[in-house]
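Trainee: Pasting in a structure now, in structure tokens, and then I'll have a few things to ask.
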Amino acid sequence: MRCGPLCQFLWLWPYLWYIEAVPIQKVQDDTKTLIKTIVTRISDISHTQAVSSKQRVAGLDFIPGLHPVLSLSGMDQTLAIYQQILASLHSRNVGQISNDLENLRDLLHLLASSKTCPLPRARGLESFESLGSVLEGSLYSTEVVALSRLQAALQDMLRQLDLSPGC
């Protein structure tokens with residue numbers, strides 16, 4: 001007797017019946033834990049203490065972080081930009097942080113889907129290629145400012161997650 005896809009599905013049905021979705025509180029707790037981990041990683045890089053996240057540095061205005069992010073889509077967009085900046089720095093200090101940002105974005109997408117928010121994958125900066133000369137001339141300064149502002153943005157995101165942000 002040939003079973004086909006229907007029989008195979010029916011055979012798996014008892015197993016699928018017992019699978020439970022991950023509780024959204026667990027996803028939110030994991031998100032907060034990852035944010036705290038990234039903030040700690042940034043703090044462990046000693047030179048990030050040299051610049052205030054509110055300080056304006058000429059030529060580095062494209063780095064976000066001067067205004068708090070209030071929505072899940074805004075958080076994702078901000079993280080996408082930071083991920084793009086960190087990837088362009090080619091610094092050994094920021095490799096793991098960049099990977100953590102990707103994981104954090106995935107967790108934010110899970111939170112958004114639990115709220116039935118349409119959260120398309122955010123892009124980075126569209127005009128980022130033109131900033132290559134700025135980055136080449138000041139890699140160290142860009143890293144210091146980006147990490148400082150990222151740390152402040154993550155702390156703002158942590159506070160916003162406690163307030164259950166909207167889409």
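By convention here, the chains of the structure tokens are called A, B, ... in the order presented, each chain's residues are numbered starting at 1, and ligands are numbered starting at 1 in the order presented.
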When you look at Met75 (chain A) with a cut-off of 9 Å (counting only C-alpha atoms), what residues show up, excluding the ones that are within fewer than 6 positions of it in the same chain? I need them as JSON, numbers by chain.
Mentor: {"A": [69, 105, 108, 153, 154, 157]}
Trainee: I'd like the contact shell of region 89-97 of chain A - 10 Å cut-off, only C-alpha atoms, skipping same-chain residues fewer than 4 positions apart - returned as a PyMOL selection string.
Mentor: chain A and resi 37-39+41-42+44-45+82-85+101-103+135-136+138-140+142-143+147
Trainee: Can you work out which one of A:Ile81, A:Leu86, A:Leu111, A:Leu158 has the shortest atom-to-atom distance to Gln25 (chain A), counting only C-alpha atoms?
Mentor: A:Leu111
Trainee: Record the distance separating CA of Arg149 (chain A) and CA of Ser43 (chain A), expressed in Å with one decimal.
Mentor: 11.9 Å
